[in-house]
file target-v2.csv (CSV, C-alpha atoms)
chain,number,residue,atom,x,y,z
G,15,PRO,CA,-24.3,3.4,46.7
G,16,VAL,CA,-27.2,5.2,45.1
G,17,PHE,CA,-24.8,7.0,42.7
G,18,CYS,CA,-23.1,3.7,41.8
G,19,LEU,CA,-26.4,2.0,41.0
G,20,LEU,CA,-27.5,5.0,38.8
G,21,PHE,CA,-24.1,5.1,37.0
G,22,MET,CA,-24.1,1.3,36.3
G,23,SER,CA,-27.7,1.5,35.0
G,24,LEU,CA,-26.7,4.3,32.6
G,25,LEU,CA,-23.7,2.3,31.5
G,26,MET,CA,-25.8,-0.8,30.8
G,27,LEU,CA,-28.3,1.3,28.9
G,28,THR,CA,-25.6,2.8,26.8
G,29,THR,CA,-24.1,-0.6,26.1
G,30,ALA,CA,-27.5,-2.0,25.1
G,31,THR,CA,-28.1,0.8,22.6
G,32,SER,CA,-24.6,0.7,21.1
G,33,ARG,CA,-23.8,-0.9,17.8
G,34,ALA,CA,-20.9,-3.4,17.5
G,35,VAL,CA,-18.7,-2.7,14.4
G,36,THR,CA,-16.5,-5.7,13.6
G,37,LEU,CA,-13.1,-5.5,11.9
G,38,ASP,CA,-14.2,-7.9,9.2
G,39,THR,CA,-17.1,-5.6,8.2
G,40,LEU,CA,-14.8,-2.6,8.0
G,41,LEU,CA,-12.3,-4.5,5.9
G,42,SER,CA,-14.9,-5.9,3.5
G,43,GLU,CA,-16.5,-2.4,3.0
G,44,MET,CA,-13.3,-0.4,2.9
G,45,ASP,CA,-13.1,2.3,0.2
G,46,ASP,CA,-9.8,3.0,-1.5
G,47,GLY,CA,-8.0,5.9,0.1
G,48,ALA,CA,-6.2,8.8,-1.8
G,49,ALA,CA,-2.9,6.9,-1.9
G,50,VAL,CA,-4.6,3.8,-3.5
G,51,ARG,CA,-6.5,6.0,-6.0
G,52,ALA,CA,-3.2,7.8,-7.0
G,53,GLN,CA,-1.6,4.4,-7.7
G,54,ALA,CA,-4.7,3.4,-9.7
G,55,ALA,CA,-4.4,6.6,-11.8
G,56,GLU,CA,-0.8,5.8,-12.5
G,57,ARG,CA,-1.8,2.4,-13.6
G,58,GLU,CA,-4.2,3.8,-16.1
G,59,ARG,CA,-1.5,6.1,-17.5
G,60,LEU,CA,0.8,3.1,-17.9
G,61,ALA,CA,-1.9,1.1,-19.6
G,62,ILE,CA,-2.3,3.9,-22.2
G,63,GLU,CA,1.5,4.0,-22.5
G,64,HIS,CA,1.5,0.2,-23.2
G,65,GLU,CA,-1.2,0.7,-25.8
G,66,PHE,CA,1.0,3.3,-27.6
G,67,ARG,CA,4.0,1.0,-27.6
G,68,THR,CA,2.0,-1.9,-28.9
G,69,GLU,CA,0.7,0.3,-31.8
G,70,GLU,CA,4.3,1.4,-32.6
G,71,SER,CA,5.4,-2.3,-33.1
G,72,GLY,CA,3.2,-2.8,-36.1
G,73,TRP,CA,2.4,-1.0,-39.4
G,74,SER,CA,2.9,2.8,-39.5
G,75,VAL,CA,1.9,5.4,-42.0
G,76,PHE,CA,4.4,7.9,-43.3
G,77,GLY,CA,4.3,10.8,-45.8
G,78,GLY,CA,6.2,13.8,-47.1
G,79,ALA,CA,6.4,16.6,-49.6
G,80,ASP,CA,9.4,18.1,-51.4
G,81,VAL,CA,10.3,20.7,-53.9
G,82,GLY,CA,13.5,21.4,-55.8
G,83,ARG,CA,15.1,23.0,-58.8
G,84,TYR,CA,17.1,20.7,-61.1
G,85,ARG,CA,19.6,21.3,-63.9
G,86,GLU,CA,20.0,17.9,-65.7
G,87,LEU,CA,22.5,17.2,-68.5
G,88,GLU,CA,20.9,15.7,-71.5
G,89,PRO,CA,22.6,13.3,-74.0
G,90,ALA,CA,22.8,16.1,-76.6
G,91,GLY,CA,24.8,18.2,-74.1
G,92,ASN,CA,22.0,20.6,-73.3
G,93,LEU,CA,21.0,21.5,-69.8
G,94,ASP,CA,17.4,20.8,-68.8
G,95,ASP,CA,16.5,23.4,-66.2
G,96,TYR,CA,13.2,22.8,-64.4
G,97,SER,CA,11.5,22.9,-61.0
G,98,ASP,CA,9.8,19.9,-59.5
G,99,TYR,CA,7.6,19.2,-56.5
G,100,GLY,CA,5.9,16.1,-55.3
G,101,VAL,CA,4.2,14.3,-52.5
G,102,SER,CA,4.5,10.7,-51.2
G,103,ALA,CA,2.6,8.5,-48.7
G,104,GLY,CA,3.1,4.9,-47.7
G,105,LEU,CA,3.2,2.2,-45.1
G,106,ARG,CA,6.2,1.0,-43.1
G,107,TYR,CA,6.7,-2.2,-41.1
G,108,PRO,CA,9.7,-2.8,-38.8
G,109,LEU,CA,12.0,-5.8,-39.4
G,110,LEU,CA,14.8,-7.5,-37.6
G,111,GLY,CA,16.5,-5.3,-34.9
G,112,THR,CA,14.0,-2.5,-35.3
G,113,LEU,CA,11.1,-4.9,-34.7
G,114,GLU,CA,13.0,-6.4,-31.7
G,115,GLU,CA,13.6,-3.0,-30.2
G,116,ARG,CA,10.0,-2.0,-30.5
G,117,GLU,CA,8.8,-5.3,-29.1
G,118,ARG,CA,11.2,-4.8,-26.2
G,119,ALA,CA,9.6,-1.4,-25.6
G,120,VAL,CA,6.2,-3.2,-25.5
G,121,THR,CA,7.7,-5.6,-23.0
G,122,ASP,CA,9.1,-2.8,-20.8
G,123,ALA,CA,5.7,-1.1,-20.9
G,124,GLN,CA,4.0,-4.4,-19.9
G,125,ILE,CA,6.5,-4.9,-17.0
G,126,ALA,CA,5.9,-1.3,-15.8
G,127,LEU,CA,2.1,-1.9,-16.0
G,128,THR,CA,2.3,-5.2,-14.2
G,129,ARG,CA,4.6,-3.7,-11.5
G,130,GLN,CA,2.2,-0.8,-11.1
G,131,ALA,CA,-0.8,-3.2,-10.7
G,132,TYR,CA,1.0,-4.9,-7.8
G,133,GLU,CA,2.0,-1.5,-6.4
G,134,THR,CA,-1.7,-0.6,-6.3
G,135,GLU,CA,-2.4,-3.9,-4.5
G,136,LEU,CA,0.5,-3.2,-2.1
G,137,GLN,CA,-0.9,0.2,-1.3
G,138,ARG,CA,-4.3,-1.3,-0.7
G,139,ALA,CA,-2.8,-3.9,1.6
G,140,THR,CA,-1.0,-1.1,3.4
G,141,GLN,CA,-4.2,0.7,4.0
G,142,ARG,CA,-5.8,-2.5,5.3
G,143,PHE,CA,-2.8,-2.9,7.6
G,144,TYR,CA,-3.2,0.6,9.0
G,145,LEU,CA,-7.0,-0.1,9.4
G,146,ARG,CA,-6.3,-3.2,11.4
G,147,GLN,CA,-3.8,-1.4,13.6
G,148,SER,CA,-6.1,1.6,14.1
G,149,TYR,CA,-9.0,-0.7,15.0
G,150,ALA,CA,-6.9,-2.6,17.5
G,151,ASP,CA,-5.8,0.6,19.1
G,152,TRP,CA,-9.5,1.9,19.1
G,153,TRP,CA,-10.6,-1.3,20.8
G,154,GLN,CA,-7.8,-1.0,23.4
G,155,ALA,CA,-8.8,2.6,24.2
G,156,TRP,CA,-12.5,1.6,24.4
G,157,ALA,CA,-11.6,-1.3,26.8
G,158,ILE,CA,-9.6,1.1,29.0
G,159,GLY,CA,-12.6,3.4,28.9
G,160,ARG,CA,-14.9,0.7,30.2
G,161,TRP,CA,-12.3,0.0,32.9
G,162,CYS,CA,-12.3,3.7,33.8
G,163,ASN,CA,-16.1,3.7,34.0
G,164,ARG,CA,-15.9,0.8,36.5
G,165,TRP,CA,-13.3,2.5,38.7
G,166,GLN,CA,-14.5,6.1,38.7
G,167,PRO,CA,-17.4,5.3,41.2
G,168,VAL,CA,-14.8,3.5,43.4
G,169,ALA,CA,-12.6,6.6,43.2
G,170,GLU,CA,-15.4,8.9,44.2
G,171,ASN,CA,-16.4,6.7,47.1
G,172,GLU,CA,-12.8,6.5,48.2
G,173,LEU,CA,-12.3,10.2,48.1
G,174,ALA,CA,-15.6,10.8,49.9
G,175,SER,CA,-14.7,8.3,52.6
G,176,ALA,CA,-11.2,9.8,53.0
G,177,ARG,CA,-12.6,13.4,53.4
G,178,GLU,CA,-15.1,12.2,55.9
G,179,ARG,CA,-12.3,10.5,57.9
G,180,PHE,CA,-10.3,13.7,57.6
G,181,ARG,CA,-13.1,15.7,59.1
G,182,GLN,CA,-13.3,13.2,61.9
G,183,LYS,CA,-9.6,13.7,62.6
G,184,ALA,CA,-9.0,10.1,61.7
G,185,LEU,CA,-6.8,11.0,58.7
G,186,ARG,CA,-3.8,13.4,58.4
G,187,THR,CA,-3.6,16.1,55.9
G,188,SER,CA,-0.7,14.5,54.1
G,189,GLU,CA,-2.6,11.2,53.8
G,190,LEU,CA,-5.6,13.0,52.4
G,191,GLN,CA,-3.5,14.8,49.8
G,192,TRP,CA,-1.8,11.6,48.8
G,193,LEU,CA,-5.1,9.9,48.2
G,194,GLU,CA,-6.4,12.9,46.3
G,195,ARG,CA,-3.4,12.9,44.0
G,196,ARG,CA,-3.6,9.2,43.5
G,197,TRP,CA,-7.3,9.3,42.4
G,198,ASN,CA,-6.9,12.5,40.5
G,199,ARG,CA,-4.1,11.0,38.5
G,200,LEU,CA,-6.5,8.2,37.6
G,201,GLU,CA,-9.1,10.7,36.6
G,202,ARG,CA,-6.8,12.6,34.3
G,203,SER,CA,-5.6,9.4,32.7
G,204,CYS,CA,-9.2,8.4,32.0
G,205,GLN,CA,-9.9,11.8,30.5
G,206,ARG,CA,-6.9,11.5,28.2
G,207,ASN,CA,-8.0,8.1,27.2
G,208,ASP,CA,-11.5,9.5,26.2
G,209,ARG,CA,-9.8,12.0,23.9
G,210,TYR,CA,-7.5,9.3,22.5
G,211,GLN,CA,-10.5,7.0,21.9
G,212,LEU,CA,-12.3,9.7,20.0
G,213,LEU,CA,-9.2,10.3,17.8
G,214,LEU,CA,-8.8,6.6,17.1
G,215,ARG,CA,-12.5,6.1,16.2
G,216,ASP,CA,-12.2,9.0,13.7
G,217,ARG,CA,-9.0,7.6,12.3
G,218,THR,CA,-10.5,4.1,11.9
G,219,ALA,CA,-13.5,5.6,10.1
G,220,ARG,CA,-11.3,7.6,7.8
G,221,LEU,CA,-9.2,4.6,6.9
G,222,ALA,CA,-12.3,2.5,6.2
G,223,GLY,CA,-14.0,5.3,4.2
G,224,THR,CA,-17.1,5.2,6.4
G,225,THR,CA,-18.7,7.1,9.3
G,226,LEU,CA,-18.6,6.0,12.9
G,227,THR,CA,-20.5,7.7,15.7
G,228,GLY,CA,-20.5,7.6,19.5
G,229,LYS,CA,-23.0,4.7,19.4
G,230,ASP,CA,-20.5,2.5,17.5
G,231,ARG,CA,-18.2,0.3,19.5
G,232,PRO,CA,-15.4,-2.1,18.5
G,233,GLU,CA,-15.2,-5.8,19.2
G,234,ARG,CA,-12.1,-7.5,20.5
G,235,PRO,CA,-10.2,-8.6,17.4
G,236,ALA,CA,-9.6,-12.4,17.2
G,237,LEU,CA,-5.8,-12.9,17.5
G,238,PRO,CA,-4.0,-16.3,17.5
G,239,SER,CA,-2.5,-17.2,20.8
G,240,SER,CA,0.5,-18.8,19.1
G,241,PRO,CA,1.6,-17.8,15.6
G,242,ALA,CA,2.4,-20.4,13.0
G,243,PRO,CA,6.1,-21.3,12.5
G,244,LEU,CA,8.1,-19.4,9.9
G,245,GLU,CA,8.2,-22.3,7.5
G,246,GLN,CA,4.4,-22.2,7.0
G,247,TRP,CA,4.6,-18.5,6.0
G,248,THR,CA,6.6,-19.2,2.8
G,249,SER,CA,3.6,-19.4,0.5
G,250,VAL,CA,2.2,-16.2,2.1
G,251,ILE,CA,5.5,-14.4,1.3
G,252,LYS,CA,5.4,-15.6,-2.3
G,253,ARG,CA,1.9,-14.2,-2.7
G,254,HIS,CA,2.9,-10.7,-1.4
G,255,PRO,CA,2.3,-8.1,-4.1
G,256,ALA,CA,5.9,-6.9,-4.1
G,257,VAL,CA,7.3,-10.4,-4.5
G,258,THR,CA,4.7,-11.3,-7.1
G,259,ALA,CA,5.7,-8.2,-9.2
G,260,ARG,CA,9.4,-9.2,-9.0
G,261,GLN,CA,8.5,-12.8,-10.0
G,262,ARG,CA,6.5,-11.6,-13.0
G,263,VAL,CA,9.4,-9.4,-14.2
G,264,PHE,CA,11.8,-12.3,-13.7
G,265,GLU,CA,9.6,-14.6,-15.8
G,266,THR,CA,9.3,-12.0,-18.6
G,267,THR,CA,13.0,-11.3,-18.8
G,268,ALA,CA,13.7,-15.1,-18.8
G,269,GLU,CA,11.6,-15.5,-21.9
G,270,GLU,CA,13.3,-12.8,-23.8
G,271,ARG,CA,17.0,-13.2,-22.9
G,272,ASP,CA,17.9,-15.0,-26.1
G,273,ASP,CA,20.4,-13.0,-28.2
G,274,HIS,CA,20.3,-13.0,-32.0
G,275,TRP,CA,22.7,-11.4,-34.5
G,276,SER,CA,19.7,-9.8,-36.2
G,277,ASP,CA,18.8,-7.8,-33.0
G,278,ARG,CA,21.4,-5.1,-34.0
G,279,VAL,CA,20.2,-4.7,-37.5
G,280,ASP,CA,17.8,-1.8,-38.0
G,281,SER,CA,15.6,-2.7,-40.9
G,282,SER,CA,12.1,-1.9,-42.3
G,283,PHE,CA,9.9,-2.7,-45.2
G,284,THR,CA,8.2,0.2,-47.0
G,285,ILE,CA,5.6,0.5,-49.7
G,286,ALA,CA,4.8,4.0,-51.0
G,287,GLN,CA,2.9,5.9,-53.7
G,288,ARG,CA,4.6,9.1,-55.1
G,289,LEU,CA,3.1,11.9,-57.2
G,290,ASP,CA,5.4,14.4,-59.1
G,291,ARG,CA,4.8,17.5,-61.1
G,292,ARG,CA,7.4,19.4,-63.2
G,293,THR,CA,7.2,23.0,-64.3
G,294,ASP,CA,8.3,22.2,-67.8
G,295,VAL,CA,5.9,19.4,-68.5
G,296,SER,CA,2.2,19.3,-68.2
G,297,GLY,CA,0.5,16.6,-66.2
G,298,THR,CA,1.4,14.6,-63.1
G,299,GLY,CA,3.6,11.6,-62.9
G,300,GLY,CA,3.8,9.0,-60.2
G,301,GLY,CA,4.7,5.5,-59.2
G,302,LEU,CA,4.4,2.7,-56.6
G,303,VAL,CA,7.6,1.9,-54.8
G,304,ALA,CA,8.4,-1.0,-52.4
G,305,GLY,CA,11.7,-1.5,-50.7
G,306,ILE,CA,13.7,-2.9,-47.7
G,307,THR,CA,16.3,-0.9,-45.8
G,308,PHE,CA,18.8,-2.0,-43.2
G,309,GLU,CA,21.5,-0.5,-41.1
G,310,VAL,CA,24.0,-2.2,-38.8
G,311,PRO,CA,26.9,-0.8,-36.8
G,312,LEU,CA,30.3,-1.9,-38.1
G,313,ALA,CA,31.4,-3.2,-34.7
G,314,ALA,CA,28.5,-5.6,-34.8
G,315,LEU,CA,29.9,-7.3,-37.9
G,316,SER,CA,33.2,-8.1,-36.1
G,317,GLY,CA,31.4,-10.6,-33.7
G,318,ASN,CA,33.1,-9.3,-30.6
G,319,GLY,CA,30.9,-11.6,-28.4
G,320,ALA,CA,29.7,-8.9,-26.0
G,321,ASP,CA,27.0,-9.8,-23.6
G,322,SER,CA,23.5,-8.8,-24.5
G,323,PRO,CA,21.4,-6.3,-22.5
G,324,ASP,CA,18.7,-8.9,-22.2
G,325,ASN,CA,21.0,-11.3,-20.4
G,326,ALA,CA,22.1,-8.6,-18.0
G,327,ARG,CA,18.5,-7.6,-17.3
G,328,TYR,CA,17.6,-11.2,-16.7
G,329,ARG,CA,20.4,-11.5,-14.1
G,330,GLY,CA,19.3,-8.3,-12.5
G,331,ALA,CA,15.7,-9.4,-12.2
G,332,ARG,CA,16.8,-12.7,-10.7
G,333,GLU,CA,18.9,-11.1,-8.0
G,334,ARG,CA,16.1,-8.5,-7.2
G,335,LEU,CA,13.7,-11.3,-6.8
G,336,THR,CA,16.0,-13.1,-4.4
G,337,ALA,CA,16.6,-9.9,-2.5
G,338,GLU,CA,12.9,-9.2,-2.2
G,339,LEU,CA,12.3,-12.7,-0.8
G,340,ASP,CA,15.1,-12.3,1.7
G,341,GLN,CA,13.9,-8.9,2.8
G,342,TRP,CA,10.3,-10.1,3.5
G,343,ARG,CA,11.7,-13.2,5.3
G,344,ARG,CA,13.7,-11.0,7.6
G,345,TYR,CA,10.8,-8.7,8.2
G,346,LEU,CA,8.5,-11.7,9.0
G,347,GLU,CA,11.1,-13.1,11.4
G,348,ASP,CA,11.3,-9.8,13.3
G,349,THR,CA,7.5,-9.5,13.3
G,350,LEU,CA,7.0,-13.0,14.7
G,351,LEU,CA,9.5,-12.3,17.5
G,352,SER,CA,7.8,-9.1,18.3
G,353,TYR,CA,4.4,-10.8,18.3
G,354,ARG,CA,5.6,-13.5,20.8
G,355,ASP,CA,7.0,-10.8,23.0
G,356,ALA,CA,3.6,-9.0,22.8
G,357,LEU,CA,1.8,-12.2,23.8
G,358,ASP,CA,4.0,-12.5,26.9
G,359,ASP,CA,3.4,-8.8,27.8
G,360,ALA,CA,-0.4,-9.3,27.3
G,361,ALA,CA,-0.4,-12.3,29.6
G,362,ASP,CA,1.3,-10.3,32.3
G,363,ALA,CA,-1.1,-7.4,31.8
G,364,VAL,CA,-4.1,-9.8,32.1
G,365,ALA,CA,-2.6,-11.2,35.3
G,366,GLN,CA,-2.2,-7.6,36.7
G,367,LEU,CA,-5.8,-6.8,35.6
G,368,ASN,CA,-7.2,-9.8,37.4
G,369,LEU,CA,-5.3,-8.8,40.5
G,370,ALA,CA,-6.6,-5.3,40.3
G,371,GLU,CA,-10.1,-6.7,39.9
G,372,ARG,CA,-9.8,-8.8,43.0
G,373,LEU,CA,-8.5,-5.8,44.9
G,374,ARG,CA,-11.5,-3.7,43.7
G,375,GLN,CA,-13.9,-6.3,44.8
G,376,GLU,CA,-12.3,-6.6,48.2
G,377,ARG,CA,-12.3,-2.8,48.6
G,378,GLU,CA,-16.0,-2.7,47.8
G,379,GLN,CA,-16.7,-5.4,50.3
G,380,ARG,CA,-14.8,-3.5,53.0
G,381,LEU,CA,-16.8,-0.3,52.1
G,382,SER,CA,-20.1,-2.2,52.4
G,383,VAL,CA,-19.0,-3.5,55.8
G,384,ASP,CA,-18.0,0.0,56.9
G,385,THR,CA,-21.3,1.4,55.7
G,386,GLU,CA,-23.3,-1.2,57.7
call {"tool": "encode", "arguments": {"input": "target-v2.csv", "output": "C-alpha cells"}}
result
Amino acid sequence: PVFCLLFMSLLMLTTATSRAVTLDTLLSEMDDGAAVRAQAAERERLAIEHEFRTEESGWSVFGGADVGRYRELEPAGNLDDYSDYGVSAGLRYPLLGTLEERERAVTDAQIALTRQAYETELQRATQRFYLRQSYADWWQAWAIGRWCNRWQPVAENELASARERFRQKALRTSELQWLERRWNRLERSCQRNDRYQLLLRDRTARLAGTTLTGKDRPERPALPSSPAPLEQWTSVIKRHPAVTARQRVFETTAEERDDHWSDRVDSSFTIAQRLDRRTDVSGTGGGLVAGITFEVPLAALSGNGADSPDNARYRGARERLTAELDQWRRYLEDTLLSYRDALDDAADAVAQLNLAERLRQEREQRLSVDTE
C-alpha cells in the first residue's frame, strides 16, 4: 500500500508537470520535409523552363557571318574574280504554325508547372497524413503506458501475495510459476510499449519538424463517431491536389483543341541589316532587308482530314480526369468501410477495458480485505 501511494504520487506529479501537445498545433507549425522541399525545387526548375518557353514565343535576335570567293560573268564577257565577306544581324518573329508550335510549348510548360504545383501540395498533404497517423499511434502508446502504470503496482502486489502464500504452503509451485509468467508477460509488454512510445514520439517530432521531449504528451485526437456518407465527400474529392491538377490540364487542352490549316505552316517574319566588303572594291556596302518565309509539308496541302494532336490530347486529358475521380472514389469507399470497422473494434476494446477496470477494482478490494 505504501508503495502504491508513492507510485501514484509520482505519477500525478509527472502528469502535472507535463506539457500537452495537440495535433492541431503540430499541423499548423509543421515544416516542409525533404520530400516536399524536393518537389518545391522541381517546381522552381519548371518555372524557369516556362519562362524560357515564353521568351521563345516572341521576337528573337539572329546574326551571322560569311565569306566566299566569286567568279561572276560580266556583260562584256569578262570574269570578275573577287572575294567577299560580310555580317548580318536582325530580328525574327514566328508566324502561323511556327507561332502555334511555340505557344503550344508554352502551354505544355504551363501544364507541367501547374501539375508540379499540385504535386508539391500533394506531397505536403501526404506529410500531414503521416503526421496525423504517427500522432494517433503515439497517443495510443502513451495511453497504454498510463494503463501499464496503473497495473504495475497491482502486478507487484499480486506477485508478493502469491509468493507469501507459497511460503505458507497455500500455493503450489506450478500455480506460482503460472502467476509469475502471467505478470512477467505483462511487464515485458509494457517495456516494449515504452520503447515503442519513444520511437513514435521521435517520429512525430521529425514529421512535424520540431522537438519533443519526455515532458511532452499527446492529447486524444478528436475523431467523428460516425463518418459522413460518401455523397458528402464529392466536393472534397474534387479539391484533392491530384484531381485539381487533372482538372486544370483538361481545361487547358479544351481551350486549345481547335485545329486550323495554318497550324502546319512554318513561317516567320525577319528584318535584318547586312554589311559587305569586297576585296576588289574599297568601302563597305550594306542594306536593310525584310521578308517572310514559309514552309508546309506537301501532305498537308492534300487535306487528308487527319485528326489533330490537340484533339487527341484533349480526349486523353478528359479520360485521365475521369480515371482520377474514379480512383479516389474507390479509395474513399474502402477507407470509409475500414473506418466503420475500426469504430466497431474500438467499441469492443472500450468494453473490454471497462471490464478489466472493474476486475482491477474488485481485486484491489479483495486485497484490502485480506490485508485487514
call {"tool": "residues_around", "arguments": {"input": "target-v2.csv", "residues": "Leu289 in chain G", "least_positions_apart": "5", "cutoff": "7 Å", "atoms": "only C-alpha atoms", "output": "VMD selection string"}}
result
chain G and resid 100 to 102 298 to 301
call {"tool": "residues_near_point", "arguments": {"input": "target-v2.csv", "point": "(-17.7, 0.9, 24.8)", "cutoff": "12 Å", "atoms": "only C-alpha atoms", "output": "ChimeraX atom specification"}}
result
/G:25-35,152-164,208,211-212,215,227-234
call {"tool": "closest_residue", "arguments": {"input": "target-v2.csv", "among": "G:Arg196, G:Arg85, G:Arg186, G:Arg217", "to": "Gln147 in chain G", "atoms": "all atoms listed in the file"}}
result
G:Arg217
call {"tool": "closest_residue", "arguments": {"input": "target-v2.csv", "among": "G:Leu109, G:Val279, G:Trp197, G:Trp73", "to": "Val310 in chain G", "atoms": "only C-alpha atoms"}}
result
G:Val279
call {"tool": "closest_residue", "arguments": {"input": "target-v2.csv", "among": "G:Thr225, G:Asp358, G:Asp94, G:Leu110", "to": "Met44 in chain G", "atoms": "all atoms listed in the file"}}
result
G:Thr225
call {"tool": "closest_atom_pairs", "arguments": {"input": "target-v2.csv", "of": "range 15-114 of chain G", "to": "range 120-131 of chain G", "cutoff": "10 Å", "atoms": "all atoms listed in the file", "output": "JSON lines"}}
result
{"residue": "G:Gln53", "atom": "CA", "partner": "G:Gln130", "partner_atom": "CA", "distance": 7.3}
{"residue": "G:Ala54", "atom": "CA", "partner": "G:Ala131", "partner_atom": "CA", "distance": 7.7}
{"residue": "G:Ala55", "atom": "CA", "partner": "G:Gln130", "partner_atom": "CA", "distance": 9.9}
{"residue": "G:Glu56", "atom": "CA", "partner": "G:Gln130", "partner_atom": "CA", "distance": 7.4}
{"residue": "G:Arg57", "atom": "CA", "partner": "G:Gln130", "partner_atom": "CA", "distance": 5.7}
{"residue": "G:Glu58", "atom": "CA", "partner": "G:Leu127", "partner_atom": "CA", "distance": 8.5}
{"residue": "G:Arg59", "atom": "CA", "partner": "G:Leu127", "partner_atom": "CA", "distance": 8.9}
{"residue": "G:Leu60", "atom": "CA", "partner": "G:Leu127", "partner_atom": "CA", "distance": 5.5}
{"residue": "G:Ala61", "atom": "CA", "partner": "G:Leu127", "partner_atom": "CA", "distance": 6.2}
{"residue": "G:Ile62", "atom": "CA", "partner": "G:Ala123", "partner_atom": "CA", "distance": 9.5}
{"residue": "G:Glu63", "atom": "CA", "partner": "G:Ala123", "partner_atom": "CA", "distance": 6.8}
{"residue": "G:His64", "atom": "CA", "partner": "G:Ala123", "partner_atom": "CA", "distance": 5.0}
{"residue": "G:Glu65", "atom": "CA", "partner": "G:Val120", "partner_atom": "CA", "distance": 8.4}
{"residue": "G:Phe66", "atom": "CA", "partner": "G:Val120", "partner_atom": "CA", "distance": 8.6}
{"residue": "G:Arg67", "atom": "CA", "partner": "G:Val120", "partner_atom": "CA", "distance": 5.2}
{"residue": "G:Thr68", "atom": "CA", "partner": "G:Val120", "partner_atom": "CA", "distance": 5.6}
{"residue": "G:Glu69", "atom": "CA", "partner": "G:Val120", "partner_atom": "CA", "distance": 9.1}
{"residue": "G:Glu70", "atom": "CA", "partner": "G:Val120", "partner_atom": "CA", "distance": 8.7}
{"residue": "G:Ser71", "atom": "CA", "partner": "G:Val120", "partner_atom": "CA", "distance": 7.7}
{"residue": "G:Glu114", "atom": "CA", "partner": "G:Val120", "partner_atom": "CA", "distance": 9.7}
call {"tool": "residues_around", "arguments": {"input": "target-v2.csv", "residues": "Trp192 in chain G", "least_positions_apart": "6", "cutoff": "12 Å", "atoms": "all atoms listed in the file", "output": "list in words"}}
result
Leu173, Ala176, Arg177, Leu185, Arg186, Asn198 and Arg199 of chain G
call {"tool": "atom_distance", "arguments": {"input": "target-v2.csv", "atom1": "CA of Arg179 in chain G", "atom2": "CA of Gln191 in chain G"}}
result
12.7 Å
call {"tool": "atom_distance", "arguments": {"input": "target-v2.csv", "atom1": "CA of Arg332 in chain G", "atom2": "CA of Lys252 in chain G"}}
result
14.5 Å
call {"tool": "closest_residue", "arguments": {"input": "target-v2.csv", "among": "G:Arg260, G:His254, G:Tyr149, G:Thr336", "to": "Leu226 in chain G", "atoms": "all atoms listed in the file"}}
result
G:Tyr149
call {"tool": "closest_residue", "arguments": {"input": "target-v2.csv", "among": "G:Leu190, G:Leu312, G:Ala326, G:Val303", "to": "Phe264 in chain G", "atoms": "all atoms listed in the file"}}
result
G:Ala326
call {"tool": "atom_distance", "arguments": {"input": "target-v2.csv", "atom1": "CA of Leu346 in chain G", "atom2": "CA of Tyr144 in chain G"}}
result
17.0 Å
call {"tool": "closest_residue", "arguments": {"input": "target-v2.csv", "among": "G:Thr224, G:Arg118, G:Phe76, G:Glu189", "to": "Gly47 in chain G", "atoms": "only C-alpha atoms"}}
result
G:Thr224
